[in-house]
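Source file: input-v4.txt. Holds: compact mmCIF, C-alpha atoms.
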```txt
# COMPACT_ATOMS: atom_id res chain seq x y z
CA MET A 262 161.80 137.06 33.76
CA PRO A 263 159.45 139.22 35.87
CA ALA A 264 158.70 142.64 34.47
CA ARG A 265 160.65 145.52 35.96
CA PRO A 266 158.41 147.30 38.49
CA ALA A 267 157.04 150.55 37.16
CA ASP A 268 158.16 152.52 40.20
CA ALA A 269 161.82 151.48 40.01
CA VAL A 270 164.06 154.48 40.63
CA PRO A 271 166.63 155.08 37.89
CA GLY A 272 170.24 154.67 38.89
CA ARG A 273 172.05 152.18 41.06
CA GLY A 274 171.57 154.11 44.30
CA GLY A 275 167.88 154.65 43.69
CA ALA A 276 167.32 150.97 42.89
CA VAL A 277 169.14 149.92 46.06
CA ARG A 278 167.04 152.29 48.16
CA ARG A 279 163.83 151.07 46.57
CA ARG A 280 164.67 147.42 47.15
CA LEU A 281 165.73 148.14 50.73
CA GLY A 282 162.37 149.80 51.25
CA VAL A 283 160.57 146.76 49.85
CA LEU A 284 162.62 144.46 52.10
CA VAL A 285 161.77 146.49 55.22
CA ALA A 286 158.08 146.46 54.25
CA VAL A 287 158.09 142.70 53.64
CA VAL A 288 159.73 142.06 57.02
CA LEU A 289 157.11 144.24 58.76
CA VAL A 290 154.33 142.40 56.94
CA ALA A 291 155.81 139.10 58.13
CA VAL A 292 155.75 140.21 61.77
CA ASN A 293 152.04 141.00 61.40
CA LEU A 294 151.30 137.54 59.98
CA ARG A 295 151.88 135.81 63.32
CA VAL A 296 151.69 138.39 66.10
CA ALA A 297 147.95 138.79 65.53
CA VAL A 298 147.42 135.07 66.12
CA THR A 299 149.60 134.41 69.15
CA SER A 300 148.41 137.60 70.85
CA LEU A 301 144.87 136.19 70.96
CA GLY A 302 146.07 132.90 72.39
CA ALA A 303 147.90 134.78 75.15
CA VAL A 304 144.72 136.46 76.47
CA LEU A 305 142.00 134.04 75.36
CA ASP A 306 141.36 132.86 78.92
CA GLN A 307 140.94 136.48 80.08
CA ALA A 308 138.60 137.27 77.20
CA ARG A 309 136.60 134.12 77.83
CA ALA A 310 136.09 134.99 81.50
CA ASP A 311 135.25 138.64 80.79
CA LEU A 312 132.77 137.86 78.00
CA ALA A 313 131.36 134.67 79.57
CA MET A 314 132.22 132.82 76.38
CA SER A 315 131.01 129.29 75.90
CA THR A 316 133.47 126.45 75.43
CA PHE A 317 132.33 126.19 71.81
CA ALA A 318 132.99 129.90 71.16
CA ALA A 319 136.42 129.79 72.79
CA SER A 320 137.36 126.67 70.81
CA THR A 321 136.13 128.35 67.62
CA ALA A 322 138.29 131.39 68.31
CA ALA A 323 141.32 129.15 68.80
CA ALA A 324 140.65 127.13 65.61
CA LEU A 325 139.73 130.03 63.29
CA PRO A 326 143.30 131.01 62.31
CA VAL A 327 144.34 127.69 60.82
CA VAL A 328 140.97 127.14 59.10
CA CYS A 329 141.11 130.64 57.57
CA PHE A 330 144.72 130.12 56.49
CA GLY A 331 143.69 127.08 54.48
CA GLY A 332 140.37 128.33 53.15
CA PHE A 333 141.33 131.83 52.01
CA ALA A 334 144.61 130.69 50.46
CA LEU A 335 142.52 129.14 47.69
CA ALA A 336 141.09 132.51 46.65
CA THR A 337 144.39 134.39 46.58
CA PRO A 338 145.43 133.52 42.99
CA TRP A 339 142.10 135.01 41.81
CA LEU A 340 142.87 138.17 43.80
CA ILE A 341 146.31 138.39 42.22
CA ARG A 342 144.82 138.17 38.73
CA ARG A 343 142.28 140.88 39.47
CA ALA A 344 144.37 143.32 41.51
CA GLY A 345 148.04 142.31 41.26
CA PRO A 346 150.28 141.08 44.09
CA ASN A 347 151.09 144.51 45.54
CA THR A 348 147.51 145.75 45.68
CA GLY A 349 146.43 142.35 46.93
CA LEU A 350 148.86 142.58 49.84
CA GLY A 351 147.57 146.07 50.61
CA LEU A 352 144.02 144.69 50.75
CA ALA A 353 145.24 141.88 53.02
CA LEU A 354 146.77 144.39 55.43
CA GLY A 355 143.55 146.39 55.35
CA LEU A 356 141.53 143.31 56.29
CA LEU A 357 143.99 142.55 59.07
CA LEU A 358 143.72 146.08 60.48
CA VAL A 359 139.91 146.07 60.38
CA GLY A 360 139.79 142.65 62.05
CA LEU A 361 142.18 143.67 64.83
CA LEU A 362 140.02 146.69 65.62
CA VAL A 363 136.67 144.89 65.40
CA ARG A 364 137.66 142.08 67.74
CA VAL A 365 138.16 144.41 70.72
CA VAL A 366 135.09 146.66 70.47
CA GLY A 367 132.27 144.35 71.52
CA GLY A 368 131.38 140.97 72.89
CA GLU A 369 131.73 137.35 71.88
CA ALA A 370 130.30 137.84 68.39
CA THR A 371 132.60 140.73 67.50
CA LEU A 372 135.62 138.89 68.88
CA LEU A 373 134.89 135.96 66.58
CA ALA A 374 134.01 138.18 63.60
CA GLY A 375 137.12 140.30 64.02
CA THR A 376 139.30 137.23 64.36
CA PHE A 377 137.78 135.81 61.16
CA VAL A 378 138.44 139.02 59.19
CA ALA A 379 141.97 139.42 60.56
CA CYS A 380 142.86 135.82 59.77
CA ALA A 381 141.43 136.16 56.27
CA GLY A 382 143.90 139.01 55.72
CA ILE A 383 146.73 136.95 57.17
CA ALA A 384 145.85 134.01 54.91
CA VAL A 385 146.11 136.20 51.81
CA GLY A 386 149.38 137.66 53.09
CA ASN A 387 150.79 134.17 53.69
CA VAL A 388 150.39 133.38 49.99
CA LEU A 389 151.43 136.77 48.63
CA VAL A 390 154.69 137.37 50.48
CA PRO A 391 156.54 134.55 48.61
CA VAL A 392 155.17 136.01 45.36
CA ILE A 393 156.55 139.48 46.19
CA VAL A 394 159.90 137.89 47.04
CA LYS A 395 159.94 136.06 43.70
CA MET A 396 159.12 139.29 41.83
CA GLU A 397 161.50 141.62 43.63
CA PHE A 398 164.35 139.41 44.83
CA ALA A 399 164.61 136.54 42.37
CA ALA A 400 168.40 136.43 42.82
CA ARG A 401 168.17 136.63 46.62
CA VAL A 402 165.27 134.31 47.42
CA GLY A 403 167.14 132.51 50.20
CA GLU A 404 168.28 135.59 52.07
CA VAL A 405 164.98 137.45 51.81
CA THR A 406 162.93 134.36 52.68
CA GLY A 407 165.19 133.87 55.70
CA ALA A 408 164.65 137.47 56.80
CA TYR A 409 160.86 137.37 56.61
CA SER A 410 160.66 133.84 58.06
CA ALA A 411 162.70 134.96 61.07
CA ALA A 412 160.41 137.98 61.37
CA MET A 413 157.36 135.70 61.44
CA SER A 414 158.94 133.61 64.20
CA ALA A 415 159.87 136.72 66.15
CA GLY A 416 156.33 138.06 65.73
CA ALA A 417 154.89 134.83 67.11
CA ALA A 418 157.14 135.04 70.17
CA ILE A 419 156.47 138.77 70.69
CA GLY A 420 152.73 138.32 70.46
CA ALA A 421 152.79 135.49 73.01
CA ALA A 422 155.10 137.29 75.43
CA ALA A 423 154.10 140.97 75.21
CA THR A 424 150.30 140.99 74.93
CA VAL A 425 149.57 140.32 78.60
CA PRO A 426 152.02 142.96 79.93
CA VAL A 427 150.71 145.51 77.41
CA GLY A 428 147.17 144.64 78.48
CA ASP A 429 148.11 145.09 82.14
CA ALA A 430 149.44 148.55 81.31
CA THR A 431 146.43 149.55 79.19
CA GLY A 432 143.54 148.30 81.28
CA GLY A 433 142.98 144.70 80.22
CA TRP A 434 143.01 142.19 77.41
CA ARG A 435 141.31 144.57 74.96
CA GLY A 436 144.20 147.01 75.20
CA GLY A 437 146.71 144.21 74.79
CA LEU A 438 145.06 143.08 71.56
CA ALA A 439 144.37 146.58 70.24
CA ALA A 440 148.05 147.50 70.48
CA TRP A 441 148.83 145.28 67.51
CA ALA A 442 146.47 147.32 65.33
CA VAL A 443 149.03 150.13 65.58
CA LEU A 444 151.67 147.87 64.03
CA ALA A 445 149.26 146.80 61.28
CA ALA A 446 148.33 150.41 60.52
CA ALA A 447 151.98 151.46 60.29
CA THR A 448 152.76 148.55 57.96
CA LEU A 449 149.77 149.37 55.76
CA ALA A 450 150.89 153.00 55.53
CA ILE A 451 154.36 151.89 54.41
CA TRP A 452 152.95 149.47 51.83
CA LEU A 453 150.26 151.74 50.33
CA PRO A 454 152.59 153.60 47.90
CA ARG A 455 153.41 150.29 46.23
CA THR A 456 149.74 149.58 45.56
CA ARG A 457 149.47 152.85 43.61
CA ARG A 458 152.69 152.78 41.61
CA THR A 459 153.57 149.17 40.94
CA ALA A 460 152.01 147.19 38.13
CA ALA A 461 151.60 143.43 38.24
CA PRO A 462 153.92 141.58 35.88
CA ALA A 463 152.33 140.16 32.75
CA GLU A 464 152.97 136.42 32.89
CA HIS A 465 151.44 133.26 31.58
CA ARG A 466 148.80 132.11 34.08
CA ALA A 467 149.05 128.44 34.86
CA PRO A 468 145.77 126.49 34.80
CA ALA A 469 144.88 125.03 38.18
CA THR A 470 144.75 121.58 36.63
CA ALA A 471 148.37 121.90 35.48
CA MET A 472 149.48 122.59 39.05
CA LEU A 473 147.40 119.69 40.35
CA ARG A 474 149.01 117.34 37.81
CA SER A 475 152.55 118.32 38.79
CA PRO A 476 154.47 115.78 40.95
CA VAL A 477 156.77 118.60 42.05
CA ALA A 478 153.85 120.70 43.24
CA TRP A 479 152.44 117.78 45.20
CA ALA A 480 155.81 117.00 46.80
CA VAL A 481 156.12 120.59 48.04
CA THR A 482 152.45 120.68 49.07
CA LEU A 483 152.64 117.49 51.10
CA LEU A 484 155.89 118.63 52.72
CA PHE A 485 154.16 121.84 53.74
CA ALA A 486 151.24 119.77 55.07
CA THR A 487 153.37 117.53 57.29
CA GLN A 488 155.28 120.42 58.80
CA SER A 489 152.02 122.32 59.37
CA VAL A 490 150.50 119.39 61.26
CA LEU A 491 153.63 119.04 63.40
CA ALA A 492 153.87 122.79 64.06
CA PHE A 493 150.28 123.27 65.18
CA VAL A 494 150.35 120.16 67.35
CA VAL A 495 153.50 121.42 69.05
CA MET A 496 152.01 124.86 69.68
CA ALA A 497 148.79 123.36 71.02
CA TRP A 498 150.07 120.46 73.11
CA LEU A 499 153.76 120.83 74.00
CA PRO A 500 153.02 122.66 77.28
CA THR A 501 150.56 119.91 78.24
CA VAL A 502 153.16 117.23 77.57
CA TYR A 503 155.43 118.96 80.05
CA LEU A 504 152.59 119.51 82.53
CA ASP A 505 151.79 115.80 82.49
CA ALA A 506 155.46 115.09 83.13
CA GLY A 507 155.30 117.10 86.36
CA PHE A 508 156.38 120.57 85.33
CA THR A 509 154.61 123.71 86.57
CA PRO A 510 152.51 125.82 84.17
CA ASP A 511 155.18 128.55 84.13
CA GLU A 512 157.88 126.01 83.32
CA ALA A 513 155.76 124.42 80.60
CA GLY A 514 155.04 127.80 79.02
CA THR A 515 158.70 128.75 79.15
CA LEU A 516 159.67 125.52 77.40
CA LEU A 517 157.21 126.28 74.59
CA ALA A 518 158.74 129.75 74.32
CA VAL A 519 162.17 128.11 74.01
CA ALA A 520 160.93 126.02 71.07
CA LEU A 521 159.52 129.16 69.41
CA LEU A 522 162.56 131.34 70.04
CA VAL A 523 164.92 128.73 68.61
CA GLY A 524 163.00 129.27 65.38
CA ILE A 525 164.27 132.83 64.93
CA PRO A 526 167.90 132.02 63.97
CA VAL A 527 166.88 128.70 62.39
CA TYR A 528 164.22 130.35 60.24
CA PHE A 529 166.76 132.87 58.97
CA ALA A 530 169.57 130.41 58.29
CA VAL A 531 167.60 127.63 56.58
CA PRO A 532 166.43 129.47 53.41
CA VAL A 533 169.89 131.04 52.99
CA LEU A 534 171.50 127.60 53.15
CA ALA A 535 168.80 126.09 50.93
CA ALA A 536 169.47 128.65 48.19
CA ARG A 537 173.14 127.62 48.13
CA LEU A 538 172.40 123.91 47.80
CA ARG A 539 171.52 122.22 44.55
CA ARG A 540 169.45 119.63 46.43
CA GLN A 541 167.62 120.56 49.63
CA GLY A 542 166.47 117.06 50.64
CA ALA A 543 169.23 116.39 53.15
CA LEU A 544 168.59 119.75 54.80
CA GLY A 545 164.90 119.03 55.35
CA ALA A 546 165.57 115.42 56.37
CA GLY A 547 168.29 116.46 58.82
CA MET A 548 166.02 118.90 60.64
CA THR A 549 163.28 116.28 60.72
CA VAL A 550 165.63 113.74 62.30
CA VAL A 551 166.45 116.30 64.98
CA GLN A 552 162.73 116.73 65.59
CA ILE A 553 162.31 112.95 65.91
CA ALA A 554 165.04 113.01 68.56
CA GLY A 555 163.16 115.71 70.45
CA LEU A 556 159.86 113.82 70.27
CA ALA A 557 161.58 110.60 71.37
CA GLY A 558 163.01 112.44 74.34
CA LEU A 559 159.55 113.72 75.27
CA LEU A 560 158.20 110.17 74.96
CA LEU A 561 160.91 108.34 76.90
CA ARG A 562 162.35 110.85 79.40
CA PRO A 563 160.51 114.18 79.34
CA GLU A 564 161.73 115.11 82.81
CA SER A 565 165.35 114.59 81.71
CA LEU A 566 166.92 117.39 79.62
CA PRO A 567 163.55 119.12 78.98
CA TRP A 568 165.24 122.19 77.49
CA LEU A 569 167.13 120.05 74.98
CA TRP A 570 163.92 118.36 73.79
CA ALA A 571 162.32 121.79 73.31
CA VAL A 572 165.35 123.00 71.33
CA PHE A 573 165.27 119.89 69.12
CA VAL A 574 161.56 120.34 68.43
CA GLY A 575 162.19 124.00 67.59
CA ILE A 576 164.98 123.10 65.16
CA GLY A 577 162.63 120.65 63.45
CA GLY A 578 160.29 123.54 62.78
CA GLY A 579 162.88 124.83 60.31
CA VAL A 580 161.17 122.77 57.61
CA PHE A 581 158.59 125.58 57.47
CA PRO A 582 160.93 128.27 56.05
CA LEU A 583 162.43 125.61 53.78
CA THR A 584 159.03 125.07 52.17
CA LEU A 585 158.55 128.83 51.83
CA ALA A 586 161.82 129.01 49.91
CA LEU A 587 160.80 126.04 47.75
CA PHE A 588 157.70 127.94 46.58
CA SER A 589 160.09 130.20 44.64
CA MET A 590 162.88 127.73 43.97
CA ARG A 591 160.59 125.19 42.31
CA THR A 592 158.78 127.68 40.04
CA ARG A 593 159.89 129.73 37.05
CA THR A 594 157.51 132.72 37.34
CA ALA A 595 155.76 134.76 40.00
CA ALA A 596 152.41 133.47 38.70
CA ASP A 597 153.50 129.88 39.27
CA THR A 598 154.87 130.83 42.69
CA ALA A 599 151.45 132.22 43.60
CA ALA A 600 149.68 129.07 42.40
CA LEU A 601 152.05 126.74 44.25
CA SER A 602 151.93 128.85 47.42
CA ALA A 603 148.12 128.83 47.36
CA MET A 604 147.91 125.09 46.69
CA ALA A 605 150.41 124.14 49.39
CA GLN A 606 149.02 126.45 52.04
CA SER A 607 145.37 125.57 51.43
CA VAL A 608 146.01 121.83 51.64
CA GLY A 609 148.59 122.12 54.40
CA TYR A 610 146.65 124.35 56.76
CA LEU A 611 143.35 122.54 56.28
CA LEU A 612 145.05 119.25 57.17
CA ALA A 613 146.79 120.95 60.09
CA ALA A 614 143.41 121.94 61.50
CA PHE A 615 142.81 118.26 62.30
CA GLY A 616 146.22 117.71 63.90
CA PRO A 617 145.71 119.17 67.40
CA PHE A 618 142.19 117.67 67.58
CA THR A 619 143.38 114.18 66.62
CA VAL A 620 146.30 114.27 69.03
CA GLY A 621 144.03 115.45 71.85
CA VAL A 622 141.56 112.66 71.22
CA LEU A 623 144.30 110.04 71.16
CA ARG A 624 145.72 111.32 74.41
CA ASP A 625 142.30 111.21 76.11
CA VAL A 626 141.43 107.76 74.75
CA THR A 627 144.76 106.13 75.59
CA GLY A 628 145.46 108.04 78.79
CA SER A 629 149.07 108.79 77.85
CA TRP A 630 151.27 110.51 75.29
CA THR A 631 152.76 107.28 73.89
CA VAL A 632 150.42 106.88 70.92
CA PRO A 633 150.20 110.61 70.03
CA LEU A 634 153.97 111.07 70.10
CA ALA A 635 154.48 107.85 68.13
CA LEU A 636 152.06 109.20 65.52
CA LEU A 637 154.03 112.45 65.30
CA MET A 638 157.25 110.51 64.80
CA ALA A 639 155.59 108.51 62.02
CA ILE A 640 154.61 111.80 60.35
CA CYS A 641 158.25 112.86 60.67
CA VAL A 642 159.35 109.71 58.84
CA LEU A 643 156.98 110.62 56.00
CA GLN A 644 158.31 114.17 56.07
CA THR A 645 161.85 112.87 55.66
CA ALA A 646 160.90 111.11 52.42
CA LEU A 647 159.00 114.18 51.20
CA SER A 648 162.02 116.39 51.91
CA PHE A 649 164.08 114.45 49.40
CA SER A 650 161.28 114.50 46.82
CA ALA A 651 160.60 118.24 47.16
CA GLY A 652 164.30 119.01 47.44
CA PHE A 653 165.22 117.49 44.08
CA PRO A 654 166.28 120.27 41.64
CA ARG A 655 163.38 120.52 39.19
CA PHE A 656 160.57 122.95 38.37
CA VAL A 657 156.81 122.86 38.38
CA GLU A 658 156.03 122.76 34.65
CA THR A 659 152.81 124.63 33.86
CA THR A 660 153.79 126.66 30.80
CA PRO A 661 152.85 125.13 27.45
CA ALA A 662 155.71 124.10 25.17
CA GLY A 663 157.05 127.01 23.23
CA ARG A 664 155.78 129.61 25.70
CA ARG A 665 158.39 129.20 28.43
CA PRO A 666 159.72 132.59 29.58
```
In structure tokens, write the structure found in this file.
Amino acid sequence: MPARPADAVPGRGGAVRRRLGVLVAVVLVAVNLRVAVTSLGAVLDQARADLAMSTFAASTAAALPVVCFGGFALATPWLIRRAGPNTGLGLALGLLLVGLLVRVVGGEATLLAGTFVACAGIAVGNVLVPVIVKMEFAARVGEVTGAYSAAMSAGAAIGAAATVPVGDATGGWRGGLAAWAVLAAATLAIWLPRTRRTAAPAEHRAPATAMLRSPVAWAVTLLFATQSVLAFVVMAWLPTVYLDAGFTPDEAGTLLAVALLVGIPVYFAVPVLAARLRRQGALGAGMTVVQIAGLAGLLLRPESLPWLWAVFVGIGGGVFPLTLALFSMRTRTAADTAALSAMAQSVGYLLAAFGPFTVGVLRDVTGSWTVPLALLMAICVLQTALSFSAGFPRFVETTPAGRRP
């Protein structure tokens, strides 16, 4: 069992207040983990025109988040061992804040540098939040994972929708982006007391090779990879699918927003339901089948029931919070949760970086969406099988015999 945090307040009421404070902080952290990314996408065209950015620089800015998510996830277990999860998350929020400020103070180079630093902080936070949940809410993994997953989805939608209006009110795209530094600073201020008073639990540290040898770890990792590919392709190309079907840019953007907003209740409900099921395979497979239906609708009749196809695609995205819950549900200790989270997110996000590029190339080469959408449906079929494998009730075994907690 995880060690009792050193700053726990004696008494039932004090413990409840402390845990409520941790929950609020975790939810705020989760909002930051996506709003910083979608806010840049919302004003990237404005920034590109203002800074006379090259196509290469603009493409780099768009691709940096997913590449950083995969690359920096690998280093997070080392950070946990050196600083502990709570201090590590504080450092991640500090990086995020610095990056958000740097990216609005100069030209093309500072925009790219700030985005890199901010996304490095987000990458570390992506890995650490499931670890904090495992440490603090081991008996409520489903509910807490649902809360912070919904917050991430809400943050993505808020960043996409609010950045341009905020920028209009504050003098341009720089003001729109800088506003999110206020949220990051407030979240860091709330989290800082935990970095000073909470010790990391002393647990057996799993060797990386043990995680790599685990079939359970690979099932969860590959499930995270397939959903990551599907999610980033949808965010990058869904509006274009609708544009090519004859919809206006405003309509196409609204339909993407529908797919994202559907994620808020779905992201909350899925981990809660997953925690109450002994096997989660049918849950993941069911959402994937719904996503296949949405993709088939886009392929065969995109102009017919366009809102329904967007809703179906958004429901399919619920495999993401399911995998987040599985990080805790398939591990015995917070140390193993950290290792599995890092492994799954590094592999998943690095593979996802190729998804939008591959789909774009296929669309240009073939001149239609038939082959790209068929490829996505094939990935969904693979994801269905992986859902059953990852959803089988078993643990990643990394602790030597006789040393199990």
Task: Polymer residues at most 12 Å from Ala557 of chain A, only C-alpha atoms, same-chain spacing of 6 or more positions, as a PyMOL selection string - done: chain A and resi 550-551+563+565-567+569-571+573-574+630-639+641
Task: Closest of A:Leu357, A:Ala506, A:Gly282, A:Ile576 to Arg562 of chain A - atom-to-atom distances counting only C-alpha atoms - done: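 Ranked by minimum distance to Arg562 of chain A, first place goes to A:Ala506.
In this structure, atom CA of Val519 of chain A sits 12.9 Å away from atom CA of Tyr503 of chain A.
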Open item on the list: Just want the 10 Å neighbourhood of Val365 of chain A, counted on only C-alpha atoms, with same-chain residues fewer than 4 positions away dropped. Output as an NGL selection string.
Closed with: :A and (308 or 360-361 or 369 or 371-373 or 375-376 or 434-439)
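The spacing separating atom CA of Phe649 of chain A from atom CA of Gly547 of chain A amounts to 10.5 Å.
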Open item on the list: What does the structure give for the distance between atom CA of Ser475 of chain A and atom CA of Val657 of chain A, in Å to one decimal?
Closed with: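 Answer for the atom CA of Ser475 of chain A to atom CA of Val657 of chain A separation: 6.2 Å.
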- [ ] Name the closest residue to Val481 of chain A among the candidates A:Thr321, A:Asn347, A:Gln606, A:Thr627; distances are taken between atoms, counting all atoms listed in the file.
- [x] A:Gln606
Task: Which residue of A:Ala334, A:Ala319, A:Ala442, A:Gly349 approaches Val363 of chain A most closely, using all atoms listed in the file - done: A:Ala442
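With distances taken over all atoms listed in the file, A:Leu483 is the one residue among A:Leu483, A:Ala543, A:Ala492, A:Ala586 lying closest to Gln644 of chain A.
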- [ ] Rank nothing, just name the residue among A:Leu484, A:Met314, A:Ala415, A:Ala513 nearest to Val288 of chain A, using all atoms listed in the file.
- [x] A:Ala415
TODO: Rank nothing, just name the residue among A:Ala421, A:Gln488, A:Gly331, A:Arg342 nearest to Thr515 of chain A, using only C-alpha atoms.
DONE: A:Ala421
TODO: Select all residues near (140.6, 119.1, 57.4) (cut-off 12 Å, inclusive, file coordinates), counting all atoms listed in the file, and output them as a PyMOL selection string.
DONE: chain A and resi 324+327-332+486+490+607-619
TODO: Name all residues at most 9 Å from Arg401 of chain A (count all atoms listed in the file; drop same-chain ones fewer than 6 positions away) and give them as a PyMOL selection string.
DONE: chain A and resi 394-395+533+536
Go ahead and save the picked residues with C-alpha atoms, as a short mmCIF file (atom, residue, chain, number, x, y, z; two decimals), in the frame of the given file.
```cif
data_model
loop_
_atom_site.label_atom_id
_atom_site.label_comp_id
_atom_site.auth_asym_id
_atom_site.auth_seq_id
_atom_site.Cartn_x
_atom_site.Cartn_y
_atom_site.Cartn_z
CA VAL A 394 159.90 137.89 47.04
CA LYS A 395 159.94 136.06 43.70
CA VAL A 533 169.89 131.04 52.99
CA ALA A 536 169.47 128.65 48.19
#
```
At most 7 Å is the cut-off: for each residue in segment 418-514 of chain A with any atom that close to an atom of segment 293-296 of chain A, write down the nearest atom pair and the distance in Å rounded to one decimal, counting only C-alpha atoms, chain first then increasing number, as a tab-separated table.
```
residue	atom	partner	partner_atom	distance
A:Ile419	CA	A:Val296	CA	6.6
A:Gly420	CA	A:Val296	CA	4.5
A:Ala445	CA	A:Asn293	CA	6.4
```
Grab segment 342-358 of chain A from that structure and dump N, CA and C atoms to a file, as an mmCIF file, in the first residue's frame.
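Written file, result.cif:
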```
data_model
loop_
_atom_site.group_PDB
_atom_site.id
_atom_site.type_symbol
_atom_site.label_atom_id
_atom_site.label_comp_id
_atom_site.auth_asym_id
_atom_site.auth_seq_id
_atom_site.Cartn_x
_atom_site.Cartn_y
_atom_site.Cartn_z
ATOM 1 N N ARG A 342 11.869 9.430 -9.383
ATOM 2 C CA ARG A 342 12.835 8.839 -8.452
ATOM 3 C C ARG A 342 13.693 9.902 -7.782
ATOM 4 N N ARG A 343 14.005 10.956 -8.504
ATOM 5 C CA ARG A 343 14.881 11.992 -7.951
ATOM 6 C C ARG A 343 14.129 12.989 -7.073
ATOM 7 N N ALA A 344 12.895 13.346 -7.467
ATOM 8 C CA ALA A 344 12.206 14.433 -6.778
ATOM 9 C C ALA A 344 10.899 14.023 -6.116
ATOM 10 N N GLY A 345 10.323 12.888 -6.509
ATOM 11 C CA GLY A 345 9.017 12.489 -6.009
ATOM 12 C C GLY A 345 7.911 13.003 -6.914
ATOM 13 N N PRO A 346 6.753 12.354 -6.908
ATOM 14 C CA PRO A 346 5.669 12.751 -7.813
ATOM 15 C C PRO A 346 5.157 14.165 -7.584
ATOM 16 N N ASN A 347 5.020 14.579 -6.334
ATOM 17 C CA ASN A 347 4.451 15.899 -6.053
ATOM 18 C C ASN A 347 5.381 17.031 -6.466
ATOM 19 N N THR A 348 6.650 16.908 -6.126
ATOM 20 C CA THR A 348 7.616 17.911 -6.562
ATOM 21 C C THR A 348 7.779 17.882 -8.077
ATOM 22 N N GLY A 349 7.755 16.686 -8.649
ATOM 23 C CA GLY A 349 7.844 16.560 -10.095
ATOM 24 C C GLY A 349 6.709 17.287 -10.796
ATOM 25 N N LEU A 350 5.494 17.173 -10.260
ATOM 26 C CA LEU A 350 4.363 17.869 -10.872
ATOM 27 C C LEU A 350 4.496 19.376 -10.704
ATOM 28 N N GLY A 351 5.054 19.808 -9.567
ATOM 29 C CA GLY A 351 5.315 21.234 -9.399
ATOM 30 C C GLY A 351 6.307 21.749 -10.424
ATOM 31 N N LEU A 352 7.372 20.974 -10.687
ATOM 32 C CA LEU A 352 8.339 21.361 -11.722
ATOM 33 C C LEU A 352 7.678 21.392 -13.095
ATOM 34 N N ALA A 353 6.782 20.442 -13.363
ATOM 35 C CA ALA A 353 6.079 20.418 -14.647
ATOM 36 C C ALA A 353 5.236 21.677 -14.835
ATOM 37 N N LEU A 354 4.537 22.081 -13.777
ATOM 38 C CA LEU A 354 3.731 23.304 -13.857
ATOM 39 C C LEU A 354 4.615 24.538 -14.033
ATOM 40 N N GLY A 355 5.794 24.518 -13.394
ATOM 41 C CA GLY A 355 6.724 25.623 -13.584
ATOM 42 C C GLY A 355 7.200 25.724 -15.021
ATOM 43 N N LEU A 356 7.541 24.587 -15.620
ATOM 44 C CA LEU A 356 7.931 24.587 -17.036
ATOM 45 C C LEU A 356 6.802 25.096 -17.914
ATOM 46 N N LEU A 357 5.588 24.643 -17.631
ATOM 47 C CA LEU A 357 4.434 25.087 -18.412
ATOM 48 C C LEU A 357 4.272 26.603 -18.331
ATOM 49 N N LEU A 358 4.363 27.147 -17.127
ATOM 50 C CA LEU A 358 4.203 28.593 -16.945
ATOM 51 C C LEU A 358 5.283 29.362 -17.697
#
```
